[in-house]
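Colleague: The structure is given below, and queries will be raised subsequently.
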Amino acid sequence: MNMQNRKFSTAFLGLTATAAILLSFAGTGCGKQEFLAVQSIEQSQAPGFFVVPPKVDILLAVDNTGSMAGVGDLYNKVKVSLPQFLTTLDSKSWDYHIAAIPLVTAQAVSHVSASRYDSNYGSQWLPPYPGAMPNAPGMIDPSYFLPLSQFLNTEFVPVPDTTSNGAEPAFKTIYQALTTRLPQTGFLRDDALLVVLALSSGEDTSDVIICRNSDGYMTPYETRRTAVSTCYLNGVQVPVPSSGTLASSLAAYEAGFKGIKSNPAQVKFFSAVNTTATGAYAPNRYKAMAANVGGASYNIASVGQVLDSLSQNLQAQKLEMRTRFLFVSAEPDLATVTVTKNHNGSSAVIPNDPVNGWTYAGWVDNVYAIDSPIPMNLSSGFAIELHGTARLLGNDTAVVDFKPAGARSTVN
């Protein structure tokens, strides 16, 4: 099979390419026309700059508990603040998928949206690198896809839940969505970060035995204040137990979230909670989950600030990413390849060297373009591999200058 005709799979590296055909004329009248070989200059920018699209799948779980004051207002705040958040991600060239679910209601996922790196956008699609194919693996299933404008108007409608008997099974709802309802939509990608943001005014009670104290308060069995009369598990009445599940259920869901990816470091759990709540409504489990699963907790009082903080957190992670492979659109003539690295405003030519330079890897299938701190973004194509100190970090950029293999000057 001709290597140049091989189909490119989903790729990560955002490359911008220009090709100039240099035409010169010798003599006058019907003199000879000399056509020079195509010279290709392709730029690759490392994670942390403005062209590279590292992948992130973002799931929003928005509080819809029946007892929450202003459910509609929270949904509206998310709807109003989300466009700026996504605009920021676009400006930093994140290749994102986004979905939203109610926090405590298990329901089918109808729609998922994405950045313009998803080819469902048709003529508005942004190929992530030269030679990228539309409808490659990693795209959202067309039957679930909605453009962002339609997604915002469709998904952020309050659906208050009044059947939970005081329970808030948020972790359970989120985990079930990630494992049973979202996979068929194309939302989850193996080579992307997974970011969960839970917005709640209360406390998670997933698989926690909650009991009614004789003074009327509902508390986890372990923190009962008086003798208990009636107990519930995820809103369903159960016999009064001899021990509780407060710690064991938290540990189980932590392991469950981390197990969604083969590399647990790819999963980040964030929470926006009522940081002033006390007693049974203190969001201790949300805070613990965020601390243990690579995220952070924010104050839900300002949804806009929460999303701003999440954006800054993602950008900080992006700046730590290291690029190992540069992809070019055609097999290069190795004698013509020049790789220039730009670091902190200065440029230097990288030598052809297997220790602290570049080597030609040829055609590669499904290699991680980002190799640290988390291997991400499986890519295929004609690749320049960077080694040692030549690898790109943060705001580093590189330019690959080459002529395609087999190109030659012809004279008519």
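A note on labels: chains of the structure tokens are A, B, ... as shown, every chain counts residues from 1, and ligands are counted from 1 in their shown order.
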Do you know which residues are at most 8 Å from range 238-253 of chain A counting only C-alpha atoms, after dropping those on the same chain fewer than 5 positions away, and could you put them as a list in words?
Modeller: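 Residues near the query, excluding close chain neighbours: Phe171, Lys172, Tyr175, Ser206, Asp207, Val208, Ile209, Cys211, Pro220, Tyr221, Glu222, Val228, Ser229, Thr230, Cys231, Tyr232, Leu233, Arg285 and Met289 of chain A.
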Colleague: Pull the alpha helix (DSSP H) assignments for range 89-273 of chain A out of DSSP run on the backbone, and list those residues as JSON, numbers by chain.
Modeller: {"A": [89, 90, 91, 148, 149, 150, 151, 152, 153, 154, 155, 170, 171, 172, 173, 174, 175, 176, 246, 247, 248, 249, 250, 251, 252, 253, 254, 255, 256, 257, 258]}
Colleague: Show me, as an MDAnalysis selection string, the residues that have an atom within 9 Å of Phe325 in chain A when counting only C-alpha atoms, minus same-chain residues fewer than 3 positions from it.
Modeller: chainID A and resid 13 361 367:371 379 383:386 391
Colleague: Can those selected residues be exported to a file as a compact mmCIF listing (two decimals), in the first residue's frame so that it contains C-alpha atoms?
Modeller:
```txt
# COMPACT_ATOMS: atom_id res chain seq x y z
CA LEU A 13 -1.13 17.39 16.88
CA ALA A 361 10.05 7.83 12.74
CA VAL A 367 1.32 6.83 19.06
CA TYR A 368 0.80 9.33 21.85
CA ALA A 369 1.78 12.79 20.59
CA ILE A 370 1.88 13.95 24.23
CA ASP A 371 4.12 11.69 26.29
CA SER A 379 -1.94 10.06 16.42
CA ALA A 383 6.25 11.66 12.14
CA ILE A 384 9.33 13.48 13.32
CA GLU A 385 10.25 12.17 16.77
CA LEU A 386 11.83 14.54 19.28
CA ARG A 391 10.93 17.81 23.05
```
Colleague: Please compute the CA of Lys341 in chain A-CA of Ala192 in chain A distance, one decimal, in Å.
Modeller: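 Answer for the CA of Lys341 in chain A to CA of Ala192 in chain A separation: 25.8 Å.
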Colleague: Between A:Asn135, A:Thr185, A:Thr87, A:Gln312, which residue has the minimum interatomic distance to Ser110 in chain A, considering only C-alpha atoms?
Modeller: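 Nearest to Ser110 in chain A: A:Thr185.
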Colleague: Excluding Ser297 in chain A and residues on its chain fewer than 3 positions from it, collect all residues at most 7 Å away from it, counting only C-alpha atoms, and give them as a PyMOL selection string.
Modeller: chain A and resi 270-272+287+290
Colleague: Would you output that residue set with N, CA and C atoms, as a short mmCIF file (atom, residue, chain, number, x, y, z; two decimals), in the first residue's frame?
Modeller:
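Listing of selection10.cif after writing:
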```
data_model
loop_
_atom_site.label_atom_id
_atom_site.label_comp_id
_atom_site.auth_asym_id
_atom_site.auth_seq_id
_atom_site.Cartn_x
_atom_site.Cartn_y
_atom_site.Cartn_z
N PHE A 270 -14.10 17.72 39.72
CA PHE A 270 -14.20 19.04 40.33
C PHE A 270 -15.60 19.18 40.93
N SER A 271 -15.70 19.99 41.97
CA SER A 271 -17.01 20.23 42.57
C SER A 271 -17.19 21.72 42.83
N ALA A 272 -18.42 22.19 42.59
CA ALA A 272 -18.82 23.54 42.95
C ALA A 272 -19.92 23.38 44.00
N LYS A 287 -15.89 17.50 48.41
CA LYS A 287 -14.53 18.03 48.56
C LYS A 287 -13.50 16.90 48.57
N ALA A 290 -13.01 15.49 45.04
CA ALA A 290 -12.21 16.39 44.21
C ALA A 290 -10.73 16.32 44.60
#
```
Colleague: Do you have the CA of Phe156 in chain A-CA of Val78 in chain A distance handy?
Modeller: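 Between these atoms lies a distance of 7.6 Å.
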